[in-house]
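*Asks:* Input structure: target-v2.cif, which contains mmCIF, C-alpha atoms and all ligand atoms.
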```
data_start
#
loop_
_atom_site.label_atom_id
_atom_site.label_comp_id
_atom_site.auth_asym_id
_atom_site.auth_seq_id
_atom_site.Cartn_x
_atom_site.Cartn_y
_atom_site.Cartn_z
CA MET A 32 -15.41 3.52 -43.66
CA LYS A 33 -14.12 -0.02 -42.95
CA ASN A 34 -10.56 1.27 -43.18
CA VAL A 35 -11.30 4.01 -40.67
CA ILE A 36 -12.75 1.49 -38.21
CA MET A 37 -9.77 -0.79 -38.75
CA LEU A 38 -7.43 2.12 -38.11
CA ILE A 39 -9.22 3.07 -34.89
CA CYS A 40 -9.16 -0.54 -33.72
CA CYS A 41 -5.43 -0.79 -34.42
CA ALA A 42 -4.79 2.46 -32.58
CA VAL A 43 -6.78 1.34 -29.53
CA PHE A 44 -4.98 -2.00 -29.55
CA LEU A 45 -1.59 -0.31 -29.82
CA ILE A 46 -2.31 2.15 -27.01
CA ALA A 47 -3.64 -0.62 -24.78
CA PHE A 48 -0.57 -2.79 -25.16
CA THR A 49 2.02 -0.07 -24.84
CA ASP A 50 0.24 1.31 -21.79
CA THR A 51 1.95 0.46 -18.49
CA THR A 52 -1.17 -1.16 -17.08
CA PHE A 53 -1.09 -3.83 -19.76
CA CYS A 54 2.55 -4.66 -20.36
CA GLU A 55 4.15 -4.07 -17.01
CA GLU A 56 3.74 -5.51 -13.58
CA LYS A 57 1.76 -3.21 -11.35
CA THR A 58 3.80 -1.16 -8.93
CA GLY A 59 2.71 0.16 -5.56
CA VAL A 60 4.30 2.67 -3.24
CA ILE A 61 4.49 2.26 0.55
CA VAL A 62 5.05 5.54 2.37
CA VAL A 63 6.21 4.49 5.83
CA ASP A 64 5.26 6.41 9.00
CA VAL A 65 5.62 9.99 7.78
CA GLN A 66 3.93 11.26 10.95
CA GLY A 67 4.36 14.34 13.13
CA ASP A 68 5.97 12.57 16.07
CA PHE A 69 8.85 11.35 13.87
CA THR A 70 9.63 14.80 12.48
CA THR A 71 11.61 17.81 13.63
CA TRP A 72 9.13 19.86 11.57
CA LYS A 73 6.31 19.08 14.05
CA LYS A 74 8.63 18.98 17.07
CA GLY A 75 7.81 15.28 17.42
CA SER A 76 8.53 13.29 20.56
CA LEU A 77 10.67 10.88 18.52
CA ALA A 78 11.91 13.37 15.92
CA VAL A 79 14.39 11.83 13.48
CA THR A 80 17.31 13.95 12.22
CA GLY A 81 16.70 15.58 8.83
CA THR A 82 12.91 15.55 8.95
CA ASP A 83 12.21 19.26 8.60
CA ASN A 84 9.49 20.80 6.46
CA THR A 85 11.74 20.54 3.38
CA PHE A 86 12.08 16.78 3.75
CA VAL A 87 8.34 16.25 4.16
CA ALA A 88 7.67 18.54 1.18
CA LYS A 89 10.04 16.41 -0.91
CA VAL A 90 8.23 13.22 0.16
CA GLN A 91 4.91 14.89 -0.66
CA LYS A 92 6.08 16.00 -4.12
CA SER A 93 7.59 12.61 -4.98
CA THR A 94 4.47 10.75 -3.83
CA LYS A 95 2.27 13.04 -5.95
CA LYS A 96 4.53 12.47 -8.95
CA LEU A 97 4.36 8.69 -8.53
CA LYS A 98 0.58 8.83 -8.24
CA ASP A 99 0.35 10.98 -11.37
CA LYS A 100 2.44 8.34 -13.19
CA GLY A 101 -0.10 5.66 -12.26
CA TYR A 102 1.51 4.09 -9.21
CA ILE A 103 -0.90 3.10 -6.44
CA ILE A 104 -0.03 4.76 -3.15
CA PHE A 105 -0.27 3.01 0.22
CA GLY A 106 0.85 4.21 3.61
CA THR A 107 1.65 2.88 7.06
CA GLN A 108 0.81 4.67 10.28
CA ASP A 109 2.25 3.93 13.71
CA TRP A 110 -0.84 3.95 15.94
CA HIS A 111 -0.17 3.10 19.57
CA PRO A 112 -2.44 2.98 22.62
CA ALA A 113 -1.16 5.10 25.57
CA ASP A 114 -0.17 1.97 27.51
CA HIS A 115 2.01 0.62 24.67
CA ILE A 116 4.88 -1.70 25.59
CA SER A 117 7.42 0.32 23.58
CA PHE A 118 7.06 3.46 25.70
CA TYR A 119 9.79 3.82 28.33
CA THR A 120 7.24 5.60 30.55
CA ASN A 121 5.39 2.28 30.88
CA HIS A 122 8.52 0.66 32.40
CA PRO A 123 9.29 2.41 35.71
CA GLY A 124 13.01 2.98 36.22
CA LYS A 125 13.85 2.58 32.52
CA ASN A 126 15.10 5.29 30.18
CA ALA A 127 14.28 6.21 26.60
CA PHE A 128 16.38 4.39 23.95
CA GLU A 129 17.30 1.63 26.40
CA ALA A 130 16.81 -1.95 25.14
CA ILE A 131 15.13 -4.50 27.38
CA LYS A 132 14.35 -8.21 27.08
CA ILE A 133 10.69 -9.22 27.00
CA GLY A 134 10.84 -13.00 26.98
CA GLU A 135 12.87 -13.84 23.87
CA ARG A 136 12.31 -10.45 22.28
CA THR A 137 14.47 -7.35 22.48
CA GLN A 138 12.40 -4.21 22.87
CA VAL A 139 13.90 -0.78 22.37
CA LEU A 140 12.13 1.67 24.67
CA TRP A 141 10.98 4.85 22.97
CA PRO A 142 9.49 8.12 24.15
CA PRO A 143 5.68 7.93 23.92
CA HIS A 144 4.83 8.60 20.26
CA CYS A 145 2.03 8.28 17.70
CA ILE A 146 -0.66 7.83 20.34
CA GLN A 147 -3.99 7.01 18.70
CA GLY A 148 -6.02 10.10 17.90
CA THR A 149 -3.34 12.68 18.74
CA GLU A 150 -2.33 15.50 16.38
CA ASN A 151 1.21 14.19 15.94
CA ALA A 152 0.00 10.71 14.99
CA LYS A 153 -1.39 12.14 11.73
CA VAL A 154 0.21 11.23 8.40
CA LEU A 155 1.77 14.44 7.03
CA VAL A 156 1.53 13.49 3.35
CA ASP A 157 -1.76 14.53 1.70
CA ASN A 158 -4.13 11.75 2.79
CA ASN A 159 -6.06 11.98 -0.50
CA LEU A 160 -3.10 10.45 -2.35
CA PHE A 161 -3.49 7.11 -0.56
CA LEU A 162 -5.66 4.20 -1.60
CA ALA A 163 -5.17 2.88 1.93
CA ILE A 164 -3.26 3.73 5.09
CA VAL A 165 -2.55 0.68 7.22
CA LYS A 166 -2.34 1.26 10.97
CA LYS A 167 0.11 -0.78 13.03
CA GLY A 168 1.28 -1.17 16.63
CA LYS A 169 -2.31 -1.05 17.94
CA ASP A 170 -1.79 -3.95 20.37
CA SER A 171 -0.37 -2.73 23.72
CA ALA A 172 1.64 -5.94 24.13
CA TYR A 173 3.58 -5.88 20.84
CA ASP A 174 5.64 -3.43 18.86
CA SER A 175 5.31 -3.37 15.09
CA TYR A 176 8.06 -1.84 12.99
CA SER A 177 6.82 -3.74 9.96
CA GLY A 178 3.68 -2.58 8.18
CA PHE A 179 2.90 -6.24 7.48
CA GLN A 180 2.94 -7.79 10.98
CA ASP A 181 3.74 -7.10 14.62
CA ASP A 182 6.37 -8.72 16.83
CA GLY A 183 3.79 -11.29 17.94
CA GLY A 184 3.27 -12.36 14.31
CA GLN A 185 -0.19 -10.77 14.03
CA LYS A 186 -0.67 -9.75 10.39
CA THR A 187 -2.07 -6.41 9.27
CA GLU A 188 -4.21 -6.13 6.11
CA LEU A 189 -1.27 -4.84 4.02
CA THR A 190 -0.46 -8.05 2.11
CA GLN A 191 -4.14 -8.55 1.24
CA VAL A 192 -4.57 -4.94 0.14
CA LEU A 193 -1.49 -5.06 -2.12
CA LYS A 194 -2.47 -8.42 -3.65
CA ARG A 195 -6.08 -7.36 -4.17
CA ASN A 196 -4.74 -4.47 -6.26
CA GLY A 197 -2.50 -6.72 -8.37
CA ILE A 198 0.71 -5.20 -7.04
CA LYS A 199 3.89 -7.15 -7.86
CA LYS A 200 6.51 -4.51 -7.10
CA VAL A 201 6.70 -1.94 -4.30
CA VAL A 202 8.64 1.28 -3.86
CA VAL A 203 9.28 1.93 -0.16
CA TYR A 204 10.41 5.09 1.64
CA GLY A 205 9.74 7.15 4.77
CA ILE A 206 10.77 7.07 8.42
CA ALA A 207 12.78 5.45 9.92
CA THR A 208 15.34 3.76 7.63
CA ASP A 209 16.74 1.61 10.45
CA TYR A 210 13.39 0.56 11.95
CA CYS A 211 10.07 0.73 10.14
CA VAL A 212 11.36 1.21 6.58
CA LYS A 213 13.78 -1.70 6.99
CA ALA A 214 11.21 -4.04 8.58
CA THR A 215 8.50 -3.16 6.04
CA ALA A 216 10.81 -3.52 3.02
CA ILE A 217 12.17 -6.88 4.22
CA ASP A 218 8.69 -8.25 4.95
CA ALA A 219 7.57 -7.09 1.48
CA ALA A 220 10.46 -9.06 -0.05
CA ILE A 221 9.57 -12.12 2.06
CA ALA A 222 5.94 -11.82 0.87
CA GLY A 223 7.24 -12.10 -2.72
CA PHE A 224 7.13 -8.50 -3.90
CA LYS A 225 10.02 -6.93 -5.80
CA VAL A 226 11.18 -4.15 -3.50
CA ILE A 227 12.89 -0.84 -4.18
CA VAL A 228 13.90 1.57 -1.40
CA ILE A 229 14.56 5.24 -2.18
CA ASP A 230 17.36 6.37 0.15
CA SER A 231 16.93 10.13 -0.33
CA LEU A 232 13.27 9.85 0.71
CA CYS A 233 14.18 8.07 3.96
CA ARG A 234 15.58 9.30 7.26
CA GLY A 235 17.09 7.12 9.98
CA VAL A 236 17.27 7.28 13.78
CA ALA A 237 21.07 6.77 13.77
CA PRO A 238 23.68 6.81 10.96
CA ASP A 239 25.39 3.49 11.85
CA THR A 240 22.17 1.47 12.11
CA SER A 241 20.85 3.15 8.93
CA THR A 242 23.95 2.15 6.93
CA LYS A 243 23.62 -1.40 8.27
CA ALA A 244 19.92 -1.44 7.45
CA LEU A 245 20.58 -0.50 3.80
CA GLU A 246 23.24 -3.25 3.53
CA GLU A 247 20.91 -5.79 5.11
CA MET A 248 18.08 -4.88 2.72
CA GLU A 249 20.41 -5.09 -0.29
CA LYS A 250 21.54 -8.59 0.81
CA LYS A 251 17.89 -9.65 0.73
CA GLY A 252 17.58 -8.65 -2.91
CA ILE A 253 16.07 -5.22 -2.34
CA LEU A 254 17.18 -2.54 -4.79
CA ILE A 255 18.42 0.61 -3.03
CA LEU A 256 18.21 3.73 -5.19
CA LYS A 257 19.90 6.94 -4.08
CA LYS A 258 17.09 9.00 -5.52
CA LEU A 259 13.75 8.59 -7.24
CA ASP A 260 14.47 7.25 -10.74
CA LEU A 261 11.40 6.08 -12.65
CA ASP A 262 13.45 4.32 -15.35
CA LYS A 263 15.38 2.26 -12.80
CA ILE A 264 12.15 1.41 -10.98
CA LYS A 265 10.61 0.21 -14.26
CA GLN A 266 13.66 -1.83 -15.25
CA PHE A 267 13.97 -3.68 -11.92
C1 LIG A 301 9.37 3.67 14.46
C2 LIG A 301 10.40 3.52 16.49
C3 LIG A 301 9.21 3.29 17.11
C4 LIG A 301 9.49 3.90 12.99
C5 LIG A 301 8.15 3.43 15.06
O1 LIG A 301 8.51 4.38 12.36
O2 LIG A 301 10.57 3.63 12.42
N1 LIG A 301 10.49 3.71 15.18
N2 LIG A 301 8.09 3.25 16.39
ZN ZN A 302 6.20 3.10 17.38
#
```
How would this structure read if it were set down as structure tokens?
*Replies:*
Amino acid sequence: MKNVIMLICCAVFLIAFTDTTFCEEKTGVIVVDVQGDFTTWKKGSLAVTGTDNTFVAKVQKSTKKLKDKGYIIFGTQDWHPADHISFYTNHPGKNAFEAIKIGERTQVLWPPHCIQGTENAKVLVDNNLFLAIVKKGKDSAYDSYSGFQDDGGQKTELTQVLKRNGIKKVVVYGIATDYCVKATAIDAAIAGFKVIVIDSLCRGVAPDTSTKALEEMEKKGILILKKLDLDKIKQF
């Protein structure tokens, strides 16, 4: 009887310490702005090339797989009021995709997108997969590419939420490579997280700025993976 108990104890001990929760740093996933307005699938107002139904399905499948493997899933959601500073329609005489100076800041002007409470502001990945979805860009006066803070330096709850869950490493992907993915990944690195970006699960507004964004992220110590590779994520 004693031997049986000893054996069970050993087994439990062994399982506990080979289990990822015990011997590895906890990893989170940040799915950035996979919302209708950024996709061709939903005929979004700021549709990014290569964001058809197939792309979103791939993001969905990968996110589900990561969750099933024990990763904790977080999301960001662009969530602007109708009078947001980034909308070209709020600057009479200006055109979409034009850059303007607002004090010291450069603001790219976008078509109105992700307006709070509209159909195309919804996150297209199954919302049940997320522990939390952090909304950003809610202040009319400031844009917020980063999921961590806006251009005025106002912090979101993302750092707190990640730290509260013991996350040390984050896997980042979504839309757009050259704007919100880049800003979110870099701020994650600055906040002290190990950061991995999955290129094949990202889409960018323009090819040249996307290439530059990947180089810039790499220079900041972020690992860029061409595709989802669980072994490489674990080893990093
Ligand atoms: C984004 C432009 C404006 C993004 C958000 O999600 O990358 N880009 N707002
Ligand atoms: Zn926006």
*Asks:* Using only C-alpha atoms and all ligand atoms, which residues of the polymer chains come no farther than 10 Å from ligand ZN 302 (chain A)? I'd like the answer as a list in words.
*Replies:*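 Final answer, ordered by chain and number: Asp64, Asp68, Phe69, Leu77, Gln108, Asp109, Trp110, His111, His115, Ile116, Ser117, Phe118, Val139, Leu140, Trp141, Pro142, Pro143, His144, Cys145, Ile146, Lys167, Gly168, Lys169, Tyr173, Asp174, Ser175, Tyr176, Tyr210 and Cys211 of chain A.
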*Asks:* Figure out the distance between atom N1 of ligand LIG 301 (chain A) and CA of Phe105 in chain A, please, to one decimal in Å.
*Replies:*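 Result for CA of Phe105 in chain A versus atom N1 of ligand LIG 301 (chain A): 18.4 Å, one decimal.
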*Asks:* Go through A:Lys89, A:Lys213, A:Lys166, A:Lys125 and flag the residue nearest Val154 in chain A, using all atoms listed in the file for the distances.
*Replies:*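 Looking only at the distances to Val154 in chain A, the closest residue turns out to be A:Lys166.
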*Asks:* Can you work out the spacing between CA of Asp260 in chain A and atom C2 of ligand LIG 301 (chain A) in Å, to one decimal?
*Replies:*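 Computing it gives 27.8 Å between the two atoms.
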*Asks:* Please define a box with edges along x, y and z of the file around all atoms of range 198-201 of chain A given in the file, extend it by 8 Å on each side, and return its centre and edge lengths in Å to one decimal, as JSON.
*Replies:*
```
{"center_x": 3.7, "center_y": -4.5, "center_z": -6.1, "size_x": 22.0, "size_y": 21.2, "size_z": 19.6}
```
*Asks:* For the atom pair CA of Lys92 in chain A and CA of Ile104 in chain A, what is the interatomic distance in Å to one decimal place?
*Replies:*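 Separating CA of Lys92 in chain A from CA of Ile104 in chain A is a distance of 12.8 Å.
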*Asks:* Using all atoms listed in the file, collect all residues at a distance of at most 6 Å from (9.7, 15.1, 8.7) as written in the file, then present them as a list in words.
*Replies:*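 Protein and nucleic acid residues near the point are Thr70, Thr71, Trp72, Thr82, Asp83, Phe86 and Val87 of chain A.
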*Asks:* For a quick check of understanding, using all atoms listed in the file, which of A:Thr58, A:Gly124, A:Gly81, A:Asp209 has the smallest distance to ligand LIG 301 (chain A)?
*Replies:*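 When distances to ligand LIG 301 (chain A) are compared using all atoms listed in the file, the smallest one comes from A:Asp209.
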*Asks:* So, counting only C-alpha atoms and all ligand atoms, which residue among A:Gln66, A:Gln266, A:Thr85, A:Ser93 is closest to ligand LIG 301 (chain A)?
*Replies:* A:Gln66
*Asks:* Please provide the set of residues having any atom within 10 Å of range 237-249 of chain A, restricted to all atoms listed in the file, with same-chain residues fewer than 4 positions apart removed, written as a list of chain:residue names.
*Replies:*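 Final neighbour list, sorted by chain and number: A:Val79, A:Thr80, A:Ala207, A:Thr208, A:Asp209, A:Tyr210, A:Val212, A:Lys213, A:Ala214, A:Ala216, A:Ile217, A:Ala220, A:Val226, A:Ile227, A:Val228, A:Asp230, A:Cys233, A:Ile253, A:Leu254, A:Ile255.
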*Asks:* Looking at all atoms listed in the file, which of A:Thr187, A:Val236, A:Thr149, A:Ser171 is the one that sits closest to Phe128 in chain A?
*Replies:*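 Using all atoms listed in the file, Phe128 in chain A sits closest to A:Val236.
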*Asks:* Using all atoms listed in the file, which of A:Lys200, A:Gly205, A:Asp218, A:Gly101 sits nearest Phe267 in chain A?
*Replies:* A:Lys200
*Asks:* Using all atoms listed in the file, pick whichever of A:Lys250, A:Lys199, A:Arg234, A:Lys258 has the shortest atom-to-atom distance to ligand LIG 301 (chain A).
*Replies:*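 Residue with the minimum atom-to-atom distance to ligand LIG 301 (chain A): A:Arg234.
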